[in-house]
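Heads up, query-v4.txt below (compact mmCIF, C-alpha atoms and all ligand atoms):
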```txt
# COMPACT_ATOMS: atom_id res chain seq x y z
CA MET A 85 -7.62 -6.47 -0.89
CA HIS A 86 -4.90 -5.90 1.71
CA LEU A 87 -4.90 -2.42 3.22
CA THR A 88 -1.49 -0.94 3.94
CA SER A 89 -0.12 2.00 5.88
CA ASN A 90 3.35 3.34 5.06
CA GLY A 91 3.82 0.28 2.87
CA ILE A 92 3.10 -2.27 5.61
CA ALA A 93 0.10 -4.56 5.07
CA LEU A 94 -2.25 -4.64 8.02
CA ASP A 95 -2.22 -8.09 9.66
CA LEU A 96 -5.91 -7.82 10.47
CA PRO A 97 -8.51 -6.05 8.37
CA PRO A 98 -9.73 -2.97 10.27
CA ALA A 99 -13.19 -3.25 11.83
CA ALA A 100 -15.95 -0.82 10.89
CA MET A 101 -16.33 2.42 12.83
CA ARG A 102 -19.65 3.03 14.51
CA GLU A 103 -21.78 5.47 12.54
CA SER A 104 -23.77 8.39 13.94
CA THR A 105 -25.78 11.34 12.72
CA ALA A 106 -25.74 14.84 14.20
CA ASP A 107 -29.29 14.51 15.56
CA ASP A 108 -28.40 11.52 17.73
CA PRO A 109 -29.36 12.66 21.28
CA GLY A 110 -26.65 10.43 22.79
CA LEU A 111 -23.86 11.88 20.67
CA ARG A 112 -21.71 13.24 23.50
CA ALA A 113 -22.05 10.03 25.52
CA ARG A 114 -20.98 8.05 22.47
CA PHE A 115 -18.05 10.41 21.89
CA LEU A 116 -16.89 10.03 25.49
CA ARG A 117 -17.24 6.26 25.31
CA ASP A 118 -15.61 5.63 21.91
CA GLY A 119 -13.29 8.64 21.67
CA TYR A 120 -14.75 9.45 18.24
CA VAL A 121 -17.97 9.85 16.32
CA LEU A 122 -18.40 9.37 12.59
CA LEU A 123 -21.10 11.73 11.40
CA ARG A 124 -22.53 10.57 8.13
CA GLY A 125 -23.71 13.29 5.77
CA LEU A 126 -23.16 16.20 8.19
CA LEU A 127 -22.11 18.53 5.37
CA ASP A 128 -23.63 19.20 2.01
CA ARG A 129 -21.95 16.87 -0.49
CA ASP A 130 -21.93 19.40 -3.35
CA THR A 131 -20.31 22.04 -1.14
CA VAL A 132 -17.56 19.58 -0.22
CA LEU A 133 -17.02 18.63 -3.85
CA ARG A 134 -16.83 22.30 -4.86
CA LEU A 135 -13.99 22.80 -2.39
CA ARG A 136 -12.27 19.70 -3.78
CA SER A 137 -12.60 21.17 -7.24
CA HIS A 138 -11.30 24.56 -6.10
CA TYR A 139 -8.16 22.84 -4.75
CA PHE A 140 -7.34 20.69 -7.77
CA GLU A 141 -8.03 23.59 -10.17
CA MET A 142 -4.94 25.26 -8.67
CA PHE A 143 -2.63 22.56 -10.13
CA ASP A 144 -1.22 22.39 -13.61
CA PRO A 145 -3.76 20.37 -15.67
CA SER A 146 -1.06 17.74 -16.42
CA TYR A 147 -1.31 16.65 -12.78
CA LEU A 148 -4.85 15.35 -13.40
CA ALA A 149 -5.70 12.33 -15.55
CA ASP A 150 -6.84 13.19 -19.07
CA GLY A 151 -10.60 13.44 -19.46
CA THR A 152 -11.29 13.90 -15.73
CA ARG A 153 -12.56 16.96 -13.85
CA PRO A 154 -10.73 18.75 -11.02
CA GLU A 155 -13.62 17.67 -8.77
CA ASP A 156 -12.70 14.01 -9.45
CA GLY A 157 -9.13 14.63 -8.28
CA VAL A 158 -7.76 11.71 -10.30
CA TRP A 159 -3.97 11.68 -10.47
CA SER A 160 -2.33 11.45 -13.89
CA GLY A 161 0.65 9.67 -12.33
CA ARG A 162 2.87 12.64 -13.19
CA GLU A 163 4.80 14.52 -10.51
CA LEU A 164 4.99 18.28 -10.94
CA TYR A 165 8.64 19.29 -10.92
CA GLY A 166 9.23 22.71 -9.46
CA LEU A 167 6.09 22.61 -7.34
CA PRO A 168 6.93 23.76 -3.78
CA ALA A 169 6.67 21.09 -1.04
CA HIS A 170 3.20 20.36 0.30
CA GLY A 171 1.71 23.27 2.23
CA VAL A 172 4.63 25.68 1.93
CA PRO A 173 4.17 29.11 0.30
CA GLY A 174 3.38 28.69 -3.39
CA HIS A 175 1.80 25.25 -2.94
CA PRO A 176 -1.99 25.02 -3.50
CA ALA A 177 -2.57 23.71 0.05
CA HIS A 178 -0.94 26.86 1.46
CA LEU A 179 -3.19 29.00 -0.74
CA MET A 180 -6.24 26.88 0.05
CA VAL A 181 -6.18 27.42 3.83
CA ARG A 182 -5.93 31.17 3.17
CA SER A 183 -8.72 31.25 0.58
CA ARG A 184 -12.19 32.75 0.96
CA GLU A 185 -13.64 29.41 -0.19
CA PHE A 186 -11.95 27.51 2.64
CA GLU A 187 -12.86 30.15 5.22
CA ARG A 188 -16.52 30.01 4.16
CA PHE A 189 -16.46 26.21 4.24
CA THR A 190 -14.98 25.94 7.74
CA ARG A 191 -17.28 28.65 9.15
CA GLU A 192 -20.17 26.16 8.67
CA SER A 193 -22.59 26.31 11.60
CA ARG A 194 -23.14 22.54 11.61
CA LEU A 195 -19.49 22.06 12.59
CA ILE A 196 -19.85 24.60 15.40
CA ASP A 197 -23.05 22.96 16.71
CA VAL A 198 -21.36 19.55 16.84
CA ALA A 199 -18.27 21.00 18.55
CA GLN A 200 -20.45 22.72 21.18
CA ARG A 201 -22.33 19.51 21.91
CA LEU A 202 -19.28 17.28 22.08
CA LEU A 203 -17.37 19.74 24.25
CA ASP A 204 -20.48 20.62 26.29
CA ALA A 205 -19.61 24.28 25.73
CA ASP A 206 -21.82 27.35 25.07
CA GLU A 207 -19.21 28.94 22.85
CA VAL A 208 -16.30 27.42 20.97
CA MET A 209 -13.41 28.74 18.93
CA ARG A 210 -11.87 27.16 15.86
CA LEU A 211 -8.09 26.98 15.96
CA PRO A 212 -6.69 29.03 13.05
CA ARG A 213 -4.08 26.37 12.28
CA GLN A 214 -6.15 24.18 9.94
CA ILE A 215 -4.35 21.59 7.86
CA VAL A 216 -5.14 20.43 4.35
CA ARG A 217 -3.73 16.98 3.53
CA HIS A 218 -3.34 15.51 0.09
CA PHE A 219 -2.04 12.05 -0.76
CA HIS A 220 -1.80 10.47 -4.16
CA LYS A 221 -1.25 6.77 -4.75
CA GLY A 222 1.77 5.45 -2.89
CA PRO A 223 3.09 3.92 0.35
CA ARG A 224 2.84 7.08 2.45
CA ALA A 225 0.46 7.80 5.29
CA SER A 226 0.22 9.61 8.63
CA ARG A 227 1.90 7.67 11.46
CA ALA A 228 0.07 6.46 14.56
CA HIS A 229 -0.13 9.36 17.01
CA THR A 230 -2.40 11.26 19.35
CA ASP A 231 -3.25 14.88 18.65
CA PHE A 232 -2.45 15.97 22.17
CA ASP A 233 1.24 15.34 21.55
CA TYR A 234 1.05 18.18 19.01
CA LEU A 235 -1.18 20.45 21.12
CA ASP A 236 0.17 19.95 24.61
CA ARG A 237 0.90 23.59 25.40
CA GLY A 238 -2.80 24.20 25.88
CA SER A 239 -5.92 22.53 27.22
CA ASP A 240 -6.84 18.99 26.19
CA HIS A 241 -10.48 20.08 26.06
CA VAL A 242 -10.37 20.10 22.29
CA VAL A 243 -11.87 18.10 19.43
CA THR A 244 -10.49 17.40 15.98
CA MET A 245 -12.79 17.15 12.97
CA TRP A 246 -11.32 15.17 10.11
CA ILE A 247 -13.17 16.16 6.96
CA PRO A 248 -12.64 14.13 3.79
CA LEU A 249 -12.87 16.52 0.84
CA GLY A 250 -14.24 13.93 -1.55
CA ASP A 251 -15.24 10.28 -1.32
CA CYS A 252 -12.55 8.37 0.53
CA PRO A 253 -13.05 4.61 0.74
CA ALA A 254 -10.47 2.78 2.87
CA ALA A 255 -8.34 2.09 -0.22
CA THR A 256 -8.02 5.84 -0.86
CA GLY A 257 -6.27 6.24 2.50
CA GLY A 258 -8.73 7.39 5.12
CA LEU A 259 -8.32 7.86 8.84
CA ALA A 260 -8.14 4.82 11.15
CA TYR A 261 -8.62 4.85 14.91
CA LEU A 262 -7.21 2.43 17.45
CA GLU A 263 -10.28 1.30 19.35
CA GLY A 264 -10.45 2.39 23.00
CA SER A 265 -6.96 3.94 22.97
CA HIS A 266 -8.19 7.28 24.41
CA ARG A 267 -8.49 5.48 27.76
CA LEU A 268 -4.87 4.27 27.90
CA ALA A 269 -2.53 5.73 30.50
CA LYS A 270 -0.20 8.33 28.98
CA GLU A 271 2.83 6.37 30.23
CA ARG A 272 1.94 3.43 27.98
CA LEU A 273 2.17 5.65 24.92
CA ASP A 274 5.24 7.53 26.12
CA VAL A 275 7.24 4.29 26.44
CA LEU A 276 6.42 3.36 22.83
CA LYS A 277 7.48 6.76 21.55
CA LEU A 278 10.92 6.22 23.05
CA ILE A 279 11.44 3.12 20.94
CA CYS A 280 9.90 4.47 17.76
CA THR A 281 12.78 4.25 15.32
CA ASP A 282 11.54 5.66 12.05
CA ARG A 283 11.64 9.30 13.10
CA PRO A 284 14.58 9.81 15.41
CA GLY A 285 14.52 13.16 17.15
CA ASP A 286 10.73 13.56 16.94
CA PRO A 287 9.12 12.11 20.09
CA ARG A 288 5.55 12.72 18.92
CA PRO A 289 4.61 9.91 16.51
CA ILE A 290 4.14 6.47 18.04
CA SER A 291 5.03 4.47 14.96
CA HIS A 292 4.62 4.14 11.21
CA ASP A 293 3.80 0.44 11.80
CA LEU A 294 0.14 -0.02 12.66
CA ASN A 295 0.53 -3.77 13.39
CA TRP A 296 3.26 -3.10 15.94
CA THR A 297 1.24 -0.29 17.50
CA GLN A 298 -1.81 -2.53 17.79
CA ARG A 299 0.18 -5.39 19.32
CA GLN A 300 1.65 -3.04 21.92
CA LEU A 301 -1.57 -1.30 22.85
CA GLY A 302 -4.34 -3.80 22.09
CA GLY A 303 -7.70 -2.97 20.50
CA HIS A 304 -8.56 -3.15 16.81
CA TRP A 305 -7.95 -0.62 14.12
CA LEU A 306 -11.23 0.86 12.95
CA THR A 307 -11.91 2.63 9.71
CA ALA A 308 -14.71 3.51 7.29
CA ASP A 309 -15.48 4.11 3.66
CA TYR A 310 -15.88 7.86 4.01
CA ARG A 311 -18.09 9.85 1.65
CA ALA A 312 -18.01 13.54 0.80
CA GLY A 313 -20.15 15.20 3.50
CA ASP A 314 -19.05 12.88 6.34
CA VAL A 315 -17.06 14.20 9.27
CA ALA A 316 -15.10 12.13 11.80
CA VAL A 317 -14.56 13.82 15.15
CA HIS A 318 -12.01 12.55 17.65
CA SER A 319 -10.60 13.09 21.11
CA PRO A 320 -7.03 14.44 21.35
CA HIS A 321 -6.12 11.25 23.24
CA LEU A 322 -7.32 8.71 20.66
CA VAL A 323 -4.50 7.00 18.75
CA HIS A 324 -5.02 7.33 15.01
CA ALA A 325 -3.19 7.06 11.71
CA THR A 326 -4.09 6.90 8.05
CA LEU A 327 -3.97 4.19 5.41
CA ASP A 328 -2.08 4.31 2.14
CA ASN A 329 -3.82 5.50 -0.95
CA THR A 330 -3.88 2.64 -3.46
CA THR A 331 -6.33 4.26 -5.89
CA GLU A 332 -6.04 6.72 -8.76
CA ALA A 333 -8.37 9.14 -6.93
CA MET A 334 -6.41 11.41 -4.60
CA ARG A 335 -7.15 11.74 -0.92
CA LEU A 336 -7.83 15.31 0.09
CA SER A 337 -8.89 16.14 3.64
CA ALA A 338 -8.86 18.93 6.19
CA ASP A 339 -8.44 18.79 9.94
CA VAL A 340 -10.22 21.47 11.89
CA ARG A 341 -10.07 21.81 15.66
CA TYR A 342 -12.37 23.44 18.18
CA LEU A 343 -12.15 24.19 21.87
CA PRO A 344 -14.35 26.05 24.37
CA ILE A 345 -13.51 29.76 24.50
CA THR A 346 -13.04 29.39 28.26
CA VAL A 347 -9.90 27.20 28.01
CA GLU A 348 -6.32 27.95 27.06
CA PRO A 349 -5.39 27.16 23.42
CA ASP A 350 -1.92 25.97 22.45
CA PRO A 351 -0.29 29.21 21.16
CA ARG A 352 1.34 27.31 18.26
CA TRP A 353 -2.13 26.78 16.77
CA LEU A 354 -3.18 30.44 16.66
CA ASP A 355 -1.61 31.19 13.27
CA ARG A 356 -2.58 29.78 9.92
CA TRP A 357 -0.91 26.50 9.00
CA SER A 358 2.05 26.43 6.68
CA GLY A 359 3.76 23.19 5.71
CA ASP A 360 7.06 24.57 7.04
CA ASP A 361 5.82 26.05 10.33
CA GLY A 362 7.61 23.32 12.30
CA ASN A 363 4.58 22.41 14.39
O1 LIG A 401 -5.22 13.10 7.50
C1 LIG A 401 -4.17 12.67 7.96
O2 LIG A 401 -3.31 12.13 7.27
C2 LIG A 401 -3.91 12.80 9.44
C3 LIG A 401 -5.00 13.56 10.12
C4 LIG A 401 -4.87 13.61 11.58
O3 LIG A 401 -4.00 13.05 12.18
C5 LIG A 401 -5.86 14.38 12.33
O4 LIG A 401 -6.81 14.87 11.73
O5 LIG A 401 -5.70 14.48 13.55
```
Would you mind giving the structure from this file in structure tokens?
Amino acid sequence: MHLTSNGIALDLPPAAMRESTADDPGLRARFLRDGYVLLRGLLDRDTVLRLRSHYFEMFDPSYLADGTRPEDGVWSGRELYGLPAHGVPGHPAHLMVRSREFERFTRESRLIDVAQRLLDADEVMRLPRQIVRHFHKGPRASRAHTDFDYLDRGSDHVVTMWIPLGDCPAATGGLAYLEGSHRLAKERLDVLKLICTDRPGDPRPISHDLNWTQRQLGGHWLTADYRAGDVAVHSPHLVHATLDNTTEAMRLSADVRYLPITVEPDPRWLDRWSGDDGN
């Protein structure tokens, strides 16, 4: 099977991400070395699947394949006409990040413990701007980018947790990291952003083309078959993107960010996310 991102087949199959567990005593050293850690089974699987179910229950039942449960999140292949754009008021993702269920989920102490260890901080805060992403089958994925280009009005002492809300094998469009890219000089990325042609006027994404990005920067793309309960944590300087979803099961995920309370947060991230907030 050829994995694709934004419709472009990857020239090389991605390599496997290194796996960790939260009790690994060398977790911070690994994070600093690799720019990410993949924590298998950090969260309770049933809790994750309940949140998945809560989200898909908000859609008209015709959006889900006949005979499947909201928890399965299997697309019927039907678009919902009249549904507001993803994440804007009236869309389930907008409601989800404002729901009690989501708040309870993201308040999880295991996430805080990991953030404190990776940031070497006694106390951390979670940025209120938390994004829920949802992709059904199709040639559409997040472009190669670093998070710091979206957070650069505050400290770079921040970690992102990418939380798949459901099983997400590579074919369902999970996150991919460009190996070792957190160590590249900023100028090397800035030059590429100037020649990125698919989003004129937005200097933040590097490219929609993961082969081109890899040829320019070196390293291998890394990914994983994520399972509900896993959490991938990355540095704001690590280049990453996502793969296309080529399965009937929909990809649902949340990104949640933490930083020590002693550093300056980017003010754009202090309000709840809305798909039209321009950030
Ligand atoms: O889930 C996605 O499509 C992109 C997520 C991302 O870029 C992040 O979590 O930093």
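Using only C-alpha atoms and all ligand atoms for every distance, the candidate list A:Ser183, A:Gln298, A:Thr152, A:Thr230 yields A:Thr230 as the residue closest to ligand LIG 401 (chain A).
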Exercise for the section: Write out as a VMD selection string each polymer residue (protein, DNA or RNA) that has an atom no more than 9 Å from ligand LIG 401 (chain A), with all atoms listed in the file counted. Expected result: chain A and resid 215 to 219 225 to 231 244 to 248 257 to 259 316 to 318 320 323 to 327 335 to 341
Could the residues in this selection be saved with C-alpha atoms as a PDB file, keeping the file's coordinate frame?
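Written file, part02.pdb:
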```pdb
ATOM      1  CA  ILE A 215      -4.350  21.590   7.860  1.00  0.00           C
ATOM      2  CA  VAL A 216      -5.140  20.430   4.350  1.00  0.00           C
ATOM      3  CA  ARG A 217      -3.730  16.980   3.530  1.00  0.00           C
ATOM      4  CA  HIS A 218      -3.340  15.510   0.090  1.00  0.00           C
ATOM      5  CA  PHE A 219      -2.040  12.050  -0.760  1.00  0.00           C
ATOM      6  CA  ALA A 225       0.460   7.800   5.290  1.00  0.00           C
ATOM      7  CA  SER A 226       0.220   9.610   8.630  1.00  0.00           C
ATOM      8  CA  ARG A 227       1.900   7.670  11.460  1.00  0.00           C
ATOM      9  CA  ALA A 228       0.070   6.460  14.560  1.00  0.00           C
ATOM     10  CA  HIS A 229      -0.130   9.360  17.010  1.00  0.00           C
ATOM     11  CA  THR A 230      -2.400  11.260  19.350  1.00  0.00           C
ATOM     12  CA  ASP A 231      -3.250  14.880  18.650  1.00  0.00           C
ATOM     13  CA  THR A 244     -10.490  17.400  15.980  1.00  0.00           C
ATOM     14  CA  MET A 245     -12.790  17.150  12.970  1.00  0.00           C
ATOM     15  CA  TRP A 246     -11.320  15.170  10.110  1.00  0.00           C
ATOM     16  CA  ILE A 247     -13.170  16.160   6.960  1.00  0.00           C
ATOM     17  CA  PRO A 248     -12.640  14.130   3.790  1.00  0.00           C
ATOM     18  CA  GLY A 257      -6.270   6.240   2.500  1.00  0.00           C
ATOM     19  CA  GLY A 258      -8.730   7.390   5.120  1.00  0.00           C
ATOM     20  CA  LEU A 259      -8.320   7.860   8.840  1.00  0.00           C
ATOM     21  CA  ALA A 316     -15.100  12.130  11.800  1.00  0.00           C
ATOM     22  CA  VAL A 317     -14.560  13.820  15.150  1.00  0.00           C
ATOM     23  CA  HIS A 318     -12.010  12.550  17.650  1.00  0.00           C
ATOM     24  CA  PRO A 320      -7.030  14.440  21.350  1.00  0.00           C
ATOM     25  CA  VAL A 323      -4.500   7.000  18.750  1.00  0.00           C
ATOM     26  CA  HIS A 324      -5.020   7.330  15.010  1.00  0.00           C
ATOM     27  CA  ALA A 325      -3.190   7.060  11.710  1.00  0.00           C
ATOM     28  CA  THR A 326      -4.090   6.900   8.050  1.00  0.00           C
ATOM     29  CA  LEU A 327      -3.970   4.190   5.410  1.00  0.00           C
ATOM     30  CA  ARG A 335      -7.150  11.740  -0.920  1.00  0.00           C
ATOM     31  CA  LEU A 336      -7.830  15.310   0.090  1.00  0.00           C
ATOM     32  CA  SER A 337      -8.890  16.140   3.640  1.00  0.00           C
ATOM     33  CA  ALA A 338      -8.860  18.930   6.190  1.00  0.00           C
ATOM     34  CA  ASP A 339      -8.440  18.790   9.940  1.00  0.00           C
ATOM     35  CA  VAL A 340     -10.220  21.470  11.890  1.00  0.00           C
ATOM     36  CA  ARG A 341     -10.070  21.810  15.660  1.00  0.00           C
TER      37      ARG A 341
END
```
Within 12 Å of Arg134 of chain A, counting all atoms listed in the file, which residues show up once you throw out same-chain ones fewer than 2 positions away? Write them as a list of chain:residue names, please.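 So, after excluding close chain neighbours, the residues are A:Asp128, A:Arg129, A:Asp130, A:Thr131, A:Val132, A:Arg136, A:Ser137, A:His138, A:Tyr139, A:Phe140, A:Glu141, A:Arg153, A:Pro154, A:Glu155, A:Asp156, A:Gly157, A:Glu185, A:Phe186, A:Arg188, A:Phe189, A:Leu249, A:Gly250, A:Ala312, A:Gly313.
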Would you mind exporting the chosen residues as a PDB file, in the frame of the given file, restricted to C-alpha atoms?
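This is the output file selection-v3.pdb:
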```pdb
ATOM      1  CA  ASP A 128     -23.630  19.200   2.010  1.00  0.00           C
ATOM      2  CA  ARG A 129     -21.950  16.870  -0.490  1.00  0.00           C
ATOM      3  CA  ASP A 130     -21.930  19.400  -3.350  1.00  0.00           C
ATOM      4  CA  THR A 131     -20.310  22.040  -1.140  1.00  0.00           C
ATOM      5  CA  VAL A 132     -17.560  19.580  -0.220  1.00  0.00           C
ATOM      6  CA  ARG A 136     -12.270  19.700  -3.780  1.00  0.00           C
ATOM      7  CA  SER A 137     -12.600  21.170  -7.240  1.00  0.00           C
ATOM      8  CA  HIS A 138     -11.300  24.560  -6.100  1.00  0.00           C
ATOM      9  CA  TYR A 139      -8.160  22.840  -4.750  1.00  0.00           C
ATOM     10  CA  PHE A 140      -7.340  20.690  -7.770  1.00  0.00           C
ATOM     11  CA  GLU A 141      -8.030  23.590 -10.170  1.00  0.00           C
ATOM     12  CA  ARG A 153     -12.560  16.960 -13.850  1.00  0.00           C
ATOM     13  CA  PRO A 154     -10.730  18.750 -11.020  1.00  0.00           C
ATOM     14  CA  GLU A 155     -13.620  17.670  -8.770  1.00  0.00           C
ATOM     15  CA  ASP A 156     -12.700  14.010  -9.450  1.00  0.00           C
ATOM     16  CA  GLY A 157      -9.130  14.630  -8.280  1.00  0.00           C
ATOM     17  CA  GLU A 185     -13.640  29.410  -0.190  1.00  0.00           C
ATOM     18  CA  PHE A 186     -11.950  27.510   2.640  1.00  0.00           C
ATOM     19  CA  ARG A 188     -16.520  30.010   4.160  1.00  0.00           C
ATOM     20  CA  PHE A 189     -16.460  26.210   4.240  1.00  0.00           C
ATOM     21  CA  LEU A 249     -12.870  16.520   0.840  1.00  0.00           C
ATOM     22  CA  GLY A 250     -14.240  13.930  -1.550  1.00  0.00           C
ATOM     23  CA  ALA A 312     -18.010  13.540   0.800  1.00  0.00           C
ATOM     24  CA  GLY A 313     -20.150  15.200   3.500  1.00  0.00           C
TER      25      GLY A 313
END
```
Considering all atoms listed in the file, return as a PDB file with C-alpha atoms, in the frame of the given file whatever protein or nucleic-acid residues lie within 9 Å of Leu195 of chain A, sequence-local ones (same chain, fewer than 4 positions apart) excluded.
```pdb
ATOM      1  CA  LEU A 126     -23.160  16.200   8.190  1.00  0.00           C
ATOM      2  CA  LEU A 127     -22.110  18.530   5.370  1.00  0.00           C
ATOM      3  CA  THR A 190     -14.980  25.940   7.740  1.00  0.00           C
ATOM      4  CA  ARG A 191     -17.280  28.650   9.150  1.00  0.00           C
ATOM      5  CA  ALA A 199     -18.270  21.000  18.550  1.00  0.00           C
ATOM      6  CA  GLN A 200     -20.450  22.720  21.180  1.00  0.00           C
ATOM      7  CA  MET A 245     -12.790  17.150  12.970  1.00  0.00           C
ATOM      8  CA  VAL A 315     -17.060  14.200   9.270  1.00  0.00           C
TER       9      VAL A 315
END
```
Of A:Thr88, A:Met209, A:Ala99, A:Thr105, the one sitting nearest Gly303 of chain A when using all atoms listed in the file is A:Ala99
Contacts of segment 348-350 of chain A at 12 Å or less, counting all atoms listed in the file, minus same-chain residues fewer than 3 places along, as an mmCIF file with C-alpha atoms, keeping the file's coordinate frame?
```cif
data_model
loop_
_atom_site.group_PDB
_atom_site.id
_atom_site.type_symbol
_atom_site.label_atom_id
_atom_site.label_comp_id
_atom_site.auth_asym_id
_atom_site.auth_seq_id
_atom_site.Cartn_x
_atom_site.Cartn_y
_atom_site.Cartn_z
ATOM 1 C CA VAL A 208 -16.300 27.420 20.970
ATOM 2 C CA MET A 209 -13.410 28.740 18.930
ATOM 3 C CA ARG A 210 -11.870 27.160 15.860
ATOM 4 C CA LEU A 211 -8.090 26.980 15.960
ATOM 5 C CA PRO A 212 -6.690 29.030 13.050
ATOM 6 C CA ARG A 213 -4.080 26.370 12.280
ATOM 7 C CA ASP A 231 -3.250 14.880 18.650
ATOM 8 C CA PHE A 232 -2.450 15.970 22.170
ATOM 9 C CA ASP A 233 1.240 15.340 21.550
ATOM 10 C CA TYR A 234 1.050 18.180 19.010
ATOM 11 C CA LEU A 235 -1.180 20.450 21.120
ATOM 12 C CA ASP A 236 0.170 19.950 24.610
ATOM 13 C CA ARG A 237 0.900 23.590 25.400
ATOM 14 C CA GLY A 238 -2.800 24.200 25.880
ATOM 15 C CA SER A 239 -5.920 22.530 27.220
ATOM 16 C CA ASP A 240 -6.840 18.990 26.190
ATOM 17 C CA HIS A 241 -10.480 20.080 26.060
ATOM 18 C CA VAL A 242 -10.370 20.100 22.290
ATOM 19 C CA VAL A 243 -11.870 18.100 19.430
ATOM 20 C CA ARG A 341 -10.070 21.810 15.660
ATOM 21 C CA TYR A 342 -12.370 23.440 18.180
ATOM 22 C CA LEU A 343 -12.150 24.190 21.870
ATOM 23 C CA PRO A 344 -14.350 26.050 24.370
ATOM 24 C CA ILE A 345 -13.510 29.760 24.500
ATOM 25 C CA TRP A 353 -2.130 26.780 16.770
ATOM 26 C CA LEU A 354 -3.180 30.440 16.660
ATOM 27 C CA ASP A 355 -1.610 31.190 13.270
ATOM 28 C CA ASN A 363 4.580 22.410 14.390
#
```
Between A:Leu301, A:Ala254, A:Ala260, A:Val121, smallest distance to Asp274 of chain A by only C-alpha atoms belongs to A:Leu301
Practice prompt. Counting all atoms listed in the file, write as a list of chain:residue names all protein and nucleic acid residues lying at most 6 Å from (3.4, 14.4, -14.4) in the file's frame.
Written response: A:Ser146, A:Tyr147, A:Gly161, A:Arg162, A:Glu163, A:Leu164
Separating atom CA of Lys270 of chain A from atom CA of Gly119 of chain A, to the nearest tenth of an Å, is a gap of 15.0 Å
Practice item. List every protein, DNA or RNA residue that has at least one atom no more than 8 Å from (2.4, 27.0, -7.0) in the file's coordinates, counting all atoms listed in the file, and write the result as a list in words. Key: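 Checked against the point, the hits come out as Met142, Phe143, Leu167, Pro168, Pro173, Gly174, His175 and Pro176 of chain A.
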Restrict the selected residues to C-alpha atoms and save them as a short mmCIF file (atom, residue, chain, number, x, y, z; two decimals), keeping the file's coordinate frame.
```
data_model
loop_
_atom_site.label_atom_id
_atom_site.label_comp_id
_atom_site.auth_asym_id
_atom_site.auth_seq_id
_atom_site.Cartn_x
_atom_site.Cartn_y
_atom_site.Cartn_z
CA MET A 142 -4.94 25.26 -8.67
CA PHE A 143 -2.63 22.56 -10.13
CA LEU A 167 6.09 22.61 -7.34
CA PRO A 168 6.93 23.76 -3.78
CA PRO A 173 4.17 29.11 0.30
CA GLY A 174 3.38 28.69 -3.39
CA HIS A 175 1.80 25.25 -2.94
CA PRO A 176 -1.99 25.02 -3.50
#
```
